[in-house]
file entry_22.txt (compact mmCIF, C-alpha atoms and all ligand atoms)
# COMPACT_ATOMS: atom_id res chain seq x y z
CA MET V 109 -57.20 106.40 -59.28
CA SER V 110 -57.77 105.76 -62.95
CA GLU V 111 -60.96 104.18 -64.23
CA GLU V 112 -59.09 101.56 -66.17
CA ILE V 113 -58.06 99.93 -62.96
CA ASN V 114 -61.52 98.41 -62.54
CA LYS V 115 -61.58 96.80 -65.95
CA GLN V 116 -61.49 93.05 -66.07
CA TYR V 117 -58.05 92.07 -67.24
CA TYR V 118 -58.17 89.56 -70.02
CA SER V 119 -56.57 86.30 -69.08
CA GLY V 120 -57.80 83.58 -71.42
CA PRO V 121 -57.97 82.88 -75.14
CA ASP V 122 -61.06 83.89 -77.09
CA GLY V 123 -62.57 82.11 -80.09
CA ASN V 124 -60.68 83.96 -82.82
CA SER V 125 -57.10 84.16 -81.59
CA PRO V 126 -54.76 81.22 -82.21
CA PHE V 127 -53.37 81.90 -78.72
CA ARG V 128 -54.27 78.90 -76.58
CA GLY V 129 -53.13 80.14 -73.18
CA LEU V 130 -49.89 79.62 -71.34
CA GLY V 131 -50.22 75.85 -70.96
CA GLY V 132 -48.53 74.93 -74.22
CA LEU V 133 -46.00 77.77 -74.06
CA LEU V 134 -44.38 77.50 -70.65
CA ARG V 135 -41.37 75.26 -70.13
CA ASP V 136 -42.39 72.05 -68.34
CA ASN V 137 -39.84 72.59 -65.55
CA ILE V 138 -41.29 76.06 -64.90
CA LYS V 139 -44.88 74.73 -64.85
CA ILE V 140 -44.01 72.40 -61.98
CA LEU V 141 -41.49 74.72 -60.26
CA THR V 142 -41.81 75.15 -56.52
CA PRO V 143 -40.52 78.71 -56.01
CA TYR V 144 -38.15 79.67 -53.21
CA SER V 145 -40.12 80.51 -50.15
CA SER V 146 -38.43 83.33 -48.25
CA ALA V 147 -38.73 83.98 -44.53
CA ARG V 148 -40.88 87.02 -45.32
CA ASP V 149 -43.16 84.98 -47.61
CA GLU V 150 -43.94 82.44 -44.91
CA TYR V 151 -44.97 84.95 -42.28
CA GLN V 152 -47.81 87.43 -42.74
CA GLY V 153 -49.24 89.74 -40.08
CA GLU V 154 -48.01 92.00 -37.29
CA ALA V 155 -44.87 91.14 -35.33
CA SER V 156 -42.07 93.00 -33.59
CA VAL V 157 -39.39 90.36 -33.08
CA PHE V 158 -37.98 88.97 -36.31
CA LEU V 159 -35.66 86.04 -35.68
CA ASP V 160 -36.49 84.18 -38.88
CA ALA V 161 -34.07 85.42 -41.55
CA ASN V 162 -30.57 85.44 -40.00
CA GLU V 163 -30.30 89.20 -40.45
CA ASN V 164 -28.19 91.39 -38.17
CA ALA V 165 -30.78 92.60 -35.64
CA PHE V 166 -28.51 95.43 -34.42
CA GLY V 167 -28.77 97.50 -37.60
CA SER V 168 -26.50 98.68 -40.43
CA PRO V 169 -23.22 100.62 -40.21
CA LEU V 170 -25.00 103.53 -41.94
CA GLU V 171 -27.31 106.41 -41.01
CA GLN V 172 -30.19 104.46 -42.46
CA ALA V 173 -30.92 100.84 -41.64
CA TYR V 174 -30.87 98.25 -44.41
CA ASN V 175 -30.44 95.21 -42.20
CA ARG V 176 -33.82 93.69 -43.14
CA TYR V 177 -34.53 91.92 -46.42
CA PRO V 178 -36.70 93.96 -48.79
CA ASP V 179 -40.30 93.19 -49.79
CA PRO V 180 -40.00 90.41 -52.42
CA LEU V 181 -43.14 91.61 -54.25
CA GLN V 182 -42.54 95.38 -53.87
CA VAL V 183 -46.13 96.05 -52.76
CA GLU V 184 -45.75 99.78 -52.02
CA VAL V 185 -43.91 100.63 -55.25
CA LYS V 186 -46.43 98.66 -57.31
CA LYS V 187 -49.32 100.46 -55.60
CA ARG V 188 -47.90 103.80 -56.75
CA ILE V 189 -47.14 102.53 -60.28
CA SER V 190 -50.68 101.16 -60.38
CA GLU V 191 -52.07 104.64 -59.64
CA ILE V 192 -49.92 106.24 -62.34
CA LYS V 193 -50.47 103.62 -65.06
CA GLY V 194 -54.01 102.54 -64.29
CA VAL V 195 -53.01 98.88 -64.12
CA PRO V 196 -53.85 96.69 -61.09
CA PRO V 197 -50.81 95.64 -59.01
CA ARG V 198 -51.45 91.96 -59.87
CA ASN V 199 -50.72 92.82 -63.51
CA ILE V 200 -47.34 94.42 -62.70
CA PHE V 201 -43.92 92.76 -62.41
CA LEU V 202 -40.86 94.71 -61.25
CA GLY V 203 -37.37 93.73 -62.36
CA ASN V 204 -33.81 94.80 -61.63
CA GLY V 205 -34.05 96.91 -64.77
CA SER V 206 -36.28 95.79 -67.63
CA ASP V 207 -33.23 93.80 -68.73
CA GLU V 208 -34.06 91.38 -65.92
CA ALA V 209 -37.65 91.06 -67.20
CA ILE V 210 -36.28 90.22 -70.66
CA ASP V 211 -34.08 87.46 -69.23
CA ILE V 212 -36.91 86.08 -67.09
CA LEU V 213 -39.25 85.88 -70.11
CA PHE V 214 -36.69 83.68 -71.87
CA ARG V 215 -36.34 81.50 -68.78
CA CYS V 216 -40.11 81.09 -68.37
CA PHE V 217 -41.00 80.27 -71.97
CA CYS V 218 -37.98 79.07 -73.95
CA ASN V 219 -36.41 75.62 -73.68
CA PRO V 220 -32.64 76.01 -74.22
CA GLY V 221 -31.48 74.40 -77.46
CA VAL V 222 -35.07 73.76 -78.57
CA ASP V 223 -37.18 76.92 -78.80
CA ASN V 224 -36.63 80.13 -80.75
CA VAL V 225 -37.36 83.85 -80.56
CA ILE V 226 -38.10 86.28 -83.40
CA LEU V 227 -36.09 89.51 -83.35
CA VAL V 228 -36.58 92.40 -85.78
CA PRO V 229 -33.21 94.16 -86.22
CA PRO V 230 -32.00 96.84 -86.02
CA THR V 231 -33.28 96.79 -82.44
CA TYR V 232 -32.21 96.78 -78.79
CA GLY V 233 -29.16 94.55 -78.31
CA MET V 234 -30.12 92.88 -75.03
CA TYR V 235 -32.76 90.62 -76.63
CA GLU V 236 -30.01 88.90 -78.61
CA VAL V 237 -27.57 88.70 -75.67
CA SER V 238 -30.29 87.33 -73.40
CA ALA V 239 -31.32 84.76 -76.04
CA ASN V 240 -27.67 83.68 -76.43
CA ILE V 241 -27.12 83.36 -72.67
CA ASN V 242 -30.21 81.14 -72.47
CA ASP V 243 -29.17 79.15 -75.58
CA ILE V 244 -32.29 80.16 -77.50
CA LYS V 245 -32.15 80.18 -81.29
CA ILE V 246 -32.71 83.61 -82.87
CA LYS V 247 -34.75 84.07 -86.04
CA ARG V 248 -34.04 87.50 -87.48
CA VAL V 249 -36.64 89.30 -89.61
CA PRO V 250 -35.11 92.70 -90.44
CA LEU V 251 -37.29 95.80 -90.37
CA THR V 252 -38.23 97.28 -93.75
CA THR V 253 -36.19 100.19 -95.13
CA GLU V 254 -38.80 102.43 -93.45
CA TYR V 255 -37.86 100.75 -90.14
CA GLN V 256 -41.30 99.09 -89.91
CA LEU V 257 -42.28 95.47 -89.23
CA ASP V 258 -42.10 92.98 -92.10
CA LEU V 259 -45.37 91.16 -91.36
CA ASP V 260 -44.99 88.56 -94.14
CA GLY V 261 -41.43 87.82 -93.07
CA ILE V 262 -42.51 87.40 -89.46
CA ALA V 263 -45.43 85.12 -90.43
CA GLU V 264 -43.01 82.97 -92.44
CA ALA V 265 -40.45 82.81 -89.64
CA ILE V 266 -42.90 81.58 -86.99
CA ASP V 267 -42.74 77.83 -86.35
CA ASP V 268 -43.95 75.46 -83.62
CA HIS V 269 -40.97 76.35 -81.43
CA THR V 270 -41.35 80.13 -81.66
CA LYS V 271 -42.27 81.29 -78.17
CA LEU V 272 -41.46 84.99 -78.11
CA ILE V 273 -41.42 88.00 -80.46
CA PHE V 274 -39.73 91.21 -79.25
CA ILE V 275 -40.94 94.52 -80.68
CA CYS V 276 -39.33 97.73 -79.49
CA SER V 277 -41.55 100.82 -79.94
CA PRO V 278 -40.28 103.52 -80.06
CA ASN V 279 -37.39 101.49 -81.43
CA ASN V 280 -33.81 101.71 -80.24
CA PRO V 281 -31.64 102.68 -82.19
CA THR V 282 -33.87 103.99 -85.02
CA GLY V 283 -36.10 106.16 -82.78
CA ASN V 284 -39.40 105.58 -84.65
CA SER V 285 -42.57 103.93 -83.37
CA MET V 286 -43.90 100.77 -85.01
CA ASN V 287 -47.25 100.99 -86.82
CA ARG V 288 -49.84 100.15 -84.22
CA ASP V 289 -51.97 98.05 -86.60
CA ASP V 290 -48.95 95.88 -87.45
CA VAL V 291 -48.27 95.14 -83.78
CA GLU V 292 -51.95 94.29 -83.26
CA THR V 293 -51.90 91.98 -86.30
CA ILE V 294 -49.05 90.03 -84.70
CA LEU V 295 -50.79 89.98 -81.30
CA ALA V 296 -53.98 88.63 -82.86
CA ASN V 297 -52.31 85.94 -84.98
CA PHE V 298 -49.44 84.53 -82.93
CA ASN V 299 -49.77 81.61 -80.53
CA GLY V 300 -46.92 82.91 -78.42
CA ILE V 301 -45.89 85.90 -76.32
CA VAL V 302 -45.49 89.33 -77.95
CA VAL V 303 -43.22 91.60 -75.92
CA VAL V 304 -43.66 95.31 -76.68
CA ASP V 305 -40.70 97.20 -75.21
CA GLU V 306 -41.79 100.76 -74.40
CA ALA V 307 -38.60 102.03 -72.73
CA TYR V 308 -39.08 105.35 -74.58
CA ILE V 309 -42.90 105.60 -74.49
CA ASN V 310 -42.86 108.78 -72.36
CA PHE V 311 -41.30 110.67 -75.27
CA SER V 312 -43.69 109.29 -77.89
CA ARG V 313 -46.83 110.68 -79.51
CA GLN V 314 -48.12 107.10 -79.61
CA LYS V 315 -50.38 105.62 -76.95
CA SER V 316 -48.93 102.90 -74.76
CA PHE V 317 -49.93 99.29 -75.48
CA ILE V 318 -50.79 99.01 -71.79
CA GLN V 319 -54.43 99.67 -72.67
CA GLU V 320 -54.41 96.63 -74.97
CA LEU V 321 -53.73 94.32 -72.02
CA THR V 322 -57.50 93.96 -71.73
CA GLU V 323 -57.62 92.65 -75.32
CA TYR V 324 -54.61 90.36 -75.69
CA ALA V 325 -53.66 87.65 -73.21
CA ASN V 326 -50.33 87.11 -75.02
CA LEU V 327 -49.11 90.71 -74.60
CA VAL V 328 -46.27 91.77 -72.32
CA VAL V 329 -45.47 95.50 -72.17
CA LEU V 330 -42.05 96.52 -70.84
CA GLN V 331 -41.35 99.97 -69.42
CA THR V 332 -38.57 101.32 -67.22
CA LEU V 333 -37.64 104.04 -64.73
CA SER V 334 -34.23 104.28 -66.45
CA LYS V 335 -34.97 106.75 -69.24
CA ALA V 336 -37.60 109.52 -68.84
CA TRP V 337 -37.80 108.98 -65.08
CA GLY V 338 -34.08 109.66 -64.68
CA LEU V 339 -33.40 106.65 -62.44
CA ALA V 340 -31.10 104.42 -64.52
CA GLY V 341 -28.84 103.94 -61.50
CA LEU V 342 -31.61 102.43 -59.36
CA ARG V 343 -32.31 99.56 -61.78
CA VAL V 344 -36.10 99.37 -61.75
CA GLY V 345 -37.94 98.01 -64.79
CA MET V 346 -41.61 97.13 -65.21
CA ALA V 347 -43.51 94.44 -67.06
CA PHE V 348 -47.29 94.66 -67.50
CA ALA V 349 -49.18 91.51 -68.48
CA SER V 350 -51.99 89.09 -67.58
CA GLU V 351 -52.08 87.92 -63.98
CA GLU V 352 -51.09 84.45 -65.17
CA ILE V 353 -47.92 85.68 -66.87
CA ILE V 354 -46.99 87.94 -63.93
CA GLU V 355 -47.38 85.04 -61.49
CA VAL V 356 -44.97 82.88 -63.49
CA MET V 357 -42.43 85.72 -63.76
CA ASN V 358 -42.62 86.22 -59.99
CA LYS V 359 -41.96 82.51 -59.43
CA VAL V 360 -38.82 82.59 -61.58
CA LYS V 361 -37.29 85.89 -60.42
CA PRO V 362 -34.69 86.01 -57.62
CA PRO V 363 -36.69 86.50 -54.39
CA TYR V 364 -35.25 89.94 -53.49
CA ASN V 365 -34.60 91.30 -56.98
CA ILE V 366 -35.30 94.97 -56.13
CA ASN V 367 -33.17 96.09 -53.22
CA GLU V 368 -34.57 98.14 -50.32
CA ALA V 369 -32.75 101.37 -51.24
CA SER V 370 -34.11 101.19 -54.80
CA GLN V 371 -37.65 100.48 -53.58
CA GLN V 372 -37.59 103.44 -51.18
CA LEU V 373 -36.06 105.85 -53.70
CA ALA V 374 -38.31 104.70 -56.55
CA LEU V 375 -41.38 105.23 -54.34
CA LYS V 376 -40.18 108.75 -53.47
CA ALA V 377 -39.38 109.59 -57.11
CA LEU V 378 -42.77 108.32 -58.28
CA GLN V 379 -44.40 111.12 -56.22
CA ASN V 380 -42.57 113.66 -58.36
CA ILE V 381 -44.30 113.09 -61.69
CA GLU V 382 -44.57 116.86 -62.45
CA GLN V 383 -40.79 117.20 -62.54
CA VAL V 384 -40.52 114.30 -64.96
CA ASN V 385 -43.28 115.63 -67.22
CA SER V 386 -41.63 119.02 -67.44
CA TRP V 387 -38.27 117.39 -68.31
CA ILE V 388 -39.96 115.35 -71.04
CA LYS V 389 -41.39 118.54 -72.58
CA GLU V 390 -37.99 120.23 -72.41
CA ILE V 391 -36.22 117.19 -73.93
CA LEU V 392 -38.66 117.19 -76.88
CA VAL V 393 -38.02 120.90 -77.46
CA GLN V 394 -34.27 120.30 -77.30
CA ARG V 395 -34.54 117.31 -79.63
CA ASP V 396 -36.35 119.28 -82.32
CA LYS V 397 -33.83 122.11 -81.98
CA LEU V 398 -30.91 119.69 -82.29
CA VAL V 399 -32.46 118.19 -85.44
CA LEU V 400 -32.94 121.62 -87.04
CA GLU V 401 -29.35 122.64 -86.30
CA LEU V 402 -27.77 119.38 -87.42
CA LYS V 403 -29.50 119.61 -90.80
CA ASN V 404 -27.13 122.49 -91.65
CA TYR V 405 -23.98 120.38 -91.29
CA ASP V 406 -22.25 119.04 -94.43
CA SER V 407 -21.25 115.90 -92.52
CA VAL V 408 -24.92 115.13 -91.80
CA LEU V 409 -26.73 113.28 -94.62
CA ASP V 410 -30.02 112.40 -92.92
CA ILE V 411 -31.76 112.50 -89.55
CA PHE V 412 -34.46 109.91 -88.94
CA PRO V 413 -37.76 111.01 -87.32
CA SER V 414 -37.60 110.26 -83.59
CA ASP V 415 -40.29 109.44 -81.05
CA ALA V 416 -37.63 109.08 -78.34
CA ASN V 417 -34.97 111.07 -76.44
CA PHE V 418 -32.29 110.31 -79.03
CA ILE V 419 -31.82 110.73 -82.75
CA LEU V 420 -30.29 108.48 -85.37
CA VAL V 421 -28.11 110.57 -87.65
CA LYS V 422 -26.70 109.37 -90.98
CA THR V 423 -23.28 110.92 -91.54
CA THR V 424 -20.56 111.03 -94.19
CA ASP V 425 -17.92 109.53 -91.85
CA PRO V 426 -19.33 107.90 -88.71
CA LYS V 427 -16.02 106.48 -87.44
CA GLY V 428 -14.19 109.77 -88.09
CA ILE V 429 -16.85 111.87 -86.36
CA TYR V 430 -17.10 109.45 -83.46
CA ASN V 431 -13.33 109.54 -82.84
CA PHE V 432 -13.20 113.31 -83.30
CA LEU V 433 -15.95 113.79 -80.69
CA VAL V 434 -14.28 111.35 -78.27
CA GLN V 435 -11.08 113.43 -78.45
CA GLN V 436 -13.15 116.43 -77.31
CA GLY V 437 -14.70 114.46 -74.46
CA ILE V 438 -18.08 113.92 -76.15
CA ILE V 439 -19.40 110.37 -76.39
CA VAL V 440 -22.12 109.34 -78.84
CA ARG V 441 -23.04 105.82 -79.97
CA ASP V 442 -21.57 104.48 -83.22
CA ARG V 443 -24.28 102.30 -84.81
CA SER V 444 -22.75 102.38 -88.30
CA LYS V 445 -21.79 98.69 -88.42
CA ILE V 446 -25.39 97.57 -87.90
CA ASP V 447 -27.41 96.53 -90.96
CA LEU V 448 -29.82 99.30 -92.09
CA CYS V 449 -27.87 101.80 -89.96
CA GLU V 450 -24.89 102.31 -92.29
CA GLY V 451 -23.20 105.66 -91.60
CA CYS V 452 -25.30 106.25 -88.49
CA LEU V 453 -24.52 107.67 -85.07
CA ARG V 454 -27.08 107.59 -82.28
CA ILE V 455 -27.10 110.81 -80.28
CA THR V 456 -28.92 111.21 -76.96
CA VAL V 457 -30.57 114.59 -76.39
CA GLY V 458 -28.70 116.34 -73.57
CA THR V 459 -29.15 119.57 -71.64
CA PRO V 460 -29.21 122.78 -73.72
CA ASN V 461 -25.57 123.35 -72.78
CA GLU V 462 -24.48 119.82 -73.70
CA ASN V 463 -26.24 120.07 -77.06
CA LYS V 464 -24.56 123.43 -77.67
CA ILE V 465 -21.13 121.93 -76.96
CA LEU V 466 -21.88 119.06 -79.37
CA LEU V 467 -22.98 121.41 -82.17
CA GLN V 468 -20.06 123.79 -81.58
CA THR V 469 -17.52 120.95 -81.58
CA LEU V 470 -18.97 119.33 -84.68
CA LYS V 471 -18.40 122.57 -86.63
CA ASP V 472 -14.65 121.89 -86.45
CA PHE V 473 -14.91 118.42 -87.97
CA LYS V 474 -13.37 118.29 -91.42
C1 LIG G 1 -32.48 101.33 -72.14
C2 LIG G 1 -33.38 100.27 -72.64
C3 LIG G 1 -33.84 99.26 -71.80
C4 LIG G 1 -33.16 99.02 -70.49
O1 LIG G 1 -33.86 99.34 -69.44
P1 LIG G 1 -33.38 99.02 -67.95
O2 LIG G 1 -34.67 99.12 -67.26
O3 LIG G 1 -32.39 100.08 -67.60
O4 LIG G 1 -32.79 97.64 -67.89
C5 LIG G 1 -34.78 98.36 -72.26
N1 LIG G 1 -35.21 98.42 -73.54
C6 LIG G 1 -34.75 99.37 -74.38
C7 LIG G 1 -35.24 99.40 -75.77
C8 LIG G 1 -33.81 100.30 -73.96
O5 LIG G 1 -33.33 101.18 -74.83
call {"tool": "encode", "arguments": {"input": "entry_22.txt", "output": "structure tokens", "more": "lines below"}}
Ligand SMILES: *Cc1c(COP(=O)(O)O)cnc(C)c1O
result
Amino acid sequence: MSEEINKQYYSGPDGNSPFRGLGGLLRDNIKILTPYSSARDEYQGEASVFLDANENAFGSPLEQAYNRYPDPLQVEVKKRISEIKGVPPRNIFLGNGSDEAIDILFRCFCNPGVDNVILVPPTYGMYEVSANINDIKIKRVPLTTEYQLDLDGIAEAIDDHTKLIFICSPNNPTGNSMNRDDVETILANFNGIVVVDEAYINFSRQKSFIQELTEYANLVVLQTLSKAWGLAGLRVGMAFASEEIIEVMNKVKPPYNINEASQQLALKALQNIEQVNSWIKEILVQRDKLVLELKNYDSVLDIFPSDANFILVKTTDPKGIYNFLVQQGIIVRDRSKIDLCEGCLRITVGTPNENKILLQTLKDFK
């Protein structure tokens, strides 16, 4: 196990930070919420006859049995993640994808119709959708032309009802990492929750913000098994934060948010870290190769530096190229209608063969 695991995780405000703890940030209804108490929550210990949850005691019409409700707090999966990440299980939340963690953060902290969130576009689209579903006002502070944080703009946008700031690093769709000092400046000066979304951290040269959890009580780090880990279909996302924040998120989540099949398969996959690390290396090699090749195309104007498993490519005719590729059965993401991404397509790095097909096909685009 990692050494970090024994560190005392920071859970209260210090003298310098304006952060005054969760008391003033949480919604009042969440503060007093009595969470659902499941059959499995109420009983702890050894037993062999379970007649408490109205399950089918005979089994499942499958080779494997799924007739019992899954562990609401995913103890075994968290134990393994704890070993890999060096974070105690009590500082880990698991969601049905990190998208669920995003939604739960809004529901814990933001009063519908009253509070607001700061978003820094161009960035991941789910923050906006989740804010809209929860009726939370969005304050947009666009990234600079270098795709970095506009610290003055963010400071100006913060008001008494700003509860959350989402920062995606490496950022989707631009691919770059945010300057670490800028993120720390926000963490140290904001009396609210700073969510650092690290969905692509495994591909990055940057260190994870997980190690800053000991410094900042208002930090939430999101990661996922959907990208580098190759498990998008299982829907398992992670949030790392103070014990206090994790406890509230667990109260608000649906009791059985990670199904039994996903828990079992995630646990199995998490034993296979060598395979994932070798894929990451290969993806980075393929990414750099793809960038070098694409630079030779007349239709390619610019390729932005990427810390992720995709590249943002500025083209002469995004719509034309997109449609041309679709006709050949190749799907990329058209981001050209997004501010600061004019002309841009987002291309995920594929297998060597897939990348070859893309490059070959693109030669025929006129
Ligand atoms: C893909 C992605 C996610 C979604 O992760 P899930 O765990 O699959 O829900 C979260 N954040 C960013 C920035 C992403 O690109």
call {"tool": "closest_atom_pairs", "arguments": {"input": "entry_22.txt", "of": "chain V", "to": "ligand LIG 1 (chain G)", "cutoff": "6 Å", "atoms": "all atoms listed in the file", "output": "CSV"}}
result
residue,atom,partner,partner_atom,distance
V:Gly205,CA,G:LIG1,O2,3.4
V:Ser206,CA,G:LIG1,O2,3.7
V:Asp207,CA,G:LIG1,O4,4.0
V:Tyr232,CA,G:LIG1,C7,5.0
V:Cys276,CA,G:LIG1,C7,5.8
V:Asn280,CA,G:LIG1,C7,5.2
V:Asp305,CA,G:LIG1,N1,5.9
V:Ala307,CA,G:LIG1,C6,5.0
V:Thr332,CA,G:LIG1,O2,4.5
V:Ser334,CA,G:LIG1,O3,4.7
V:Ala340,CA,G:LIG1,O3,5.5
V:Arg343,CA,G:LIG1,O3,5.8
V:Val344,CA,G:LIG1,O2,5.7
V:Gly345,CA,G:LIG1,O2,4.2
call {"tool": "closest_atom_pairs", "arguments": {"input": "entry_22.txt", "of": "stretch 173-283 of chain V", "to": "stretch 137-160 of chain V", "cutoff": "12 Å", "atoms": "only C-alpha atoms", "output": "tab-separated table"}}
result
residue	atom	partner	partner_atom	distance
V:Asn175	CA	V:Phe158	CA	11.4
V:Arg176	CA	V:Phe158	CA	9.3
V:Tyr177	CA	V:Arg148	CA	8.1
V:Pro178	CA	V:Arg148	CA	8.8
V:Asp179	CA	V:Arg148	CA	7.6
V:Pro180	CA	V:Asp149	CA	7.9
V:Leu181	CA	V:Asp149	CA	9.4
V:Ile212	CA	V:Ile138	CA	11.2
V:Leu213	CA	V:Ile138	CA	11.3
V:Phe214	CA	V:Ile138	CA	11.3
V:Arg215	CA	V:Ile138	CA	8.3
V:Cys216	CA	V:Ile138	CA	6.2
V:Phe217	CA	V:Ile138	CA	8.2
V:Cys218	CA	V:Ile138	CA	10.1
V:Asn219	CA	V:Asn137	CA	9.3
V:Pro220	CA	V:Asn137	CA	11.8
call {"tool": "closest_residue", "arguments": {"input": "entry_22.txt", "among": "V:Asp223, V:Asp260, V:Leu466, V:Ala325", "to": "V:Gly437", "atoms": "all atoms listed in the file"}}
result
V:Leu466
call {"tool": "closest_residue", "arguments": {"input": "entry_22.txt", "among": "V:Ile439, V:Ala265, V:Ile189, V:Ala296", "to": "V:Leu333", "atoms": "only C-alpha atoms"}}
result
V:Ile189
call {"tool": "closest_residue", "arguments": {"input": "entry_22.txt", "among": "V:Glu306, V:Asp396, V:Glu351, V:Glu184", "to": "V:Gln371", "atoms": "all atoms listed in the file"}}
result
V:Glu184
call {"tool": "closest_residue", "arguments": {"input": "entry_22.txt", "among": "V:Asp447, V:Glu390, V:Glu352, V:Asp472", "to": "V:Tyr405", "atoms": "all atoms listed in the file"}}
result
V:Asp472
call {"tool": "residues_around", "arguments": {"input": "entry_22.txt", "residues": "V:Ile388", "least_positions_apart": "6", "cutoff": "10 Å", "atoms": "all atoms listed in the file", "output": "list in words"}}
result
Asn310, Phe311, Ser312, Ala336, Trp337, Glu382, Gln394, Ala416 and Asn417 of chain V
call {"tool": "atom_distance", "arguments": {"input": "entry_22.txt", "atom1": "atom CA of V:Ile246", "atom2": "atom CA of V:Met346"}}
result
24.0 Å
call {"tool": "closest_residue", "arguments": {"input": "entry_22.txt", "among": "V:Leu392, V:Ile465, V:Met357, V:Leu409", "to": "V:Arg313", "atoms": "all atoms listed in the file"}}
result
V:Leu392
call {"tool": "closest_residue", "arguments": {"input": "entry_22.txt", "among": "V:Leu400, V:Ile391, V:Leu259, V:Leu378", "to": "V:Ile226", "atoms": "only C-alpha atoms"}}
result
V:Leu259
call {"tool": "atom_distance", "arguments": {"input": "entry_22.txt", "atom1": "atom CA of V:Arg441", "atom2": "atom CA of V:Gln256"}}
result
21.9 Å
call {"tool": "atom_distance", "arguments": {"input": "entry_22.txt", "atom1": "atom CA of V:Arg248", "atom2": "atom CA of V:Pro229"}}
result
6.8 Å
call {"tool": "residues_around", "arguments": {"input": "entry_22.txt", "residues": "V:Asp267", "least_positions_apart": "5", "cutoff": "10 Å", "atoms": "all atoms listed in the file", "output": "PDB file with C-alpha atoms, keeping the file's coordinate frame"}}
result
ATOM      1  CA  ASP V 223     -37.180  76.920 -78.800  1.00  0.00           C
ATOM      2  CA  ASN V 224     -36.630  80.130 -80.750  1.00  0.00           C
ATOM      3  CA  VAL V 225     -37.360  83.850 -80.560  1.00  0.00           C
ATOM      4  CA  ASN V 299     -49.770  81.610 -80.530  1.00  0.00           C
TER       5      ASN V 299
END
call {"tool": "residues_near_point", "arguments": {"input": "entry_22.txt", "point": "(-27.5, 123.0, -80.3)", "cutoff": "12 Å", "atoms": "all atoms listed in the file", "output": "list of chain:residue names"}}
result
V:Val393, V:Gln394, V:Arg395, V:Asp396, V:Lys397, V:Leu398, V:Val399, V:Leu400, V:Glu401, V:Leu402, V:Lys403, V:Asn404, V:Tyr405, V:Val457, V:Gly458, V:Thr459, V:Pro460, V:Asn461, V:Glu462, V:Asn463, V:Lys464, V:Ile465, V:Leu466, V:Leu467, V:Gln468, V:Thr469, V:Leu470, V:Lys471
